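For reference, the structure is listed below as structure tokens.
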Amino acid sequence: MYRRRDSRRDQLVAEITNDLRRYSVDAQHIGHAFAGLHGLNPTDLHALIAVMDAELLGTPITPGRLGEQLNLSSGSVTALVDRLERAGHIRRDRDTADRRKVFLRYADRGAALAMEFFQPLGRRTDRVMADFGDAELEIVHRFMATMVTAMREHRDTVRAARPAPLRRPAG
């Protein structure tokens, strides 16, 4: 961040780092605007993104896996899923092979709300990407995928280093 930028590479690294930070902050603002518009808190929004990501990968998420991703207790996940299901954002589907297993999926109403809100952003990003050739997009994709992996590894390290929350004595 506050390093010398003697070479063009150092300048590019600094500029990319700053662009990533600004992109992250702006993405958070957009996400919070969607959440606020629909009565969602930040954890609700993170849960919806996790459900969406899992569906896009073709591997629907279970409540247990959602809890792991969000670093929540099973009781907190149950309350979260109940709240999102009541609001029409997600639905629970039983696994056809093992009826004990539950998958979380975007509900039609929740998907429609997200589509309506994020479609203008999608059109903007489509216009930006249209200016890049396939080879350039391959490089950008590799860069972004590697950055996501690095960020998640750091997130997991930070989580593991945090002390356990203090519990109040009962009574």
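Scheme for the structure tokens: letters A, B, ... for chains in order shown; per-chain residue numbers from 1; ligand numbers from 1 in order shown.
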
Surrounding residues of range 53-55 of chain A excluding itself and chain neighbours under 2 positions, 12 Å, only C-alpha atoms, as a PyMOL selection string: chain A and resi 46-51+57-63+65-66+69+90+103-107+111

Output file for the selection above: C-alpha atoms, as a tab-separated table (two decimals), in the first residue's frame:
```
chain	number	residue	atom	x	y	z
A	46	HIS	CA	-23.87	-13.32	2.64
A	47	ALA	CA	-26.12	-16.36	2.96
A	48	LEU	CA	-27.99	-15.49	-0.24
A	49	ILE	CA	-24.70	-15.08	-2.08
A	50	ALA	CA	-23.50	-18.46	-0.78
A	51	VAL	CA	-26.76	-20.12	-1.92
A	57	LEU	CA	-21.63	-24.38	-9.46
A	58	GLY	CA	-24.34	-27.03	-9.66
A	59	THR	CA	-23.76	-28.14	-6.08
A	60	PRO	CA	-26.59	-26.83	-3.89
A	61	ILE	CA	-25.54	-25.93	-0.37
A	62	THR	CA	-26.74	-27.61	2.81
A	63	PRO	CA	-27.50	-25.67	5.99
A	65	ARG	CA	-22.13	-26.11	4.83
A	66	LEU	CA	-23.71	-22.65	4.91
A	69	GLN	CA	-18.97	-20.75	5.21
A	90	ILE	CA	-34.79	-19.23	-0.38
A	103	PHE	CA	-30.47	-28.34	0.16
A	104	LEU	CA	-30.99	-24.59	0.14
A	105	ARG	CA	-31.97	-22.98	-3.15
A	106	TYR	CA	-32.98	-19.57	-4.34
A	107	ALA	CA	-36.77	-19.23	-4.28
A	111	ALA	CA	-34.43	-14.69	-7.59
```

Those in chain A with alpha helix (DSSP H) from DSSP, as a PyMOL selection string: chain A and resi 8-37+42-56+63-70+74-86+108-130+134-161

Nearest to Met52 in chain A by atom-to-atom distance, counting only C-alpha atoms, from A:Asn18, A:Ala35, A:His89, A:Thr125: A:His89

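Closest approach to Glu85 in chain A from the set A:Gly67, A:Arg109, A:Ala97, A:Ala130 is made by A:Arg109, with distances taken over only C-alpha atoms.
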
Two-atom distance - CA of His141 in chain A, CA of Arg123 in chain A (Å): 18.5 Å
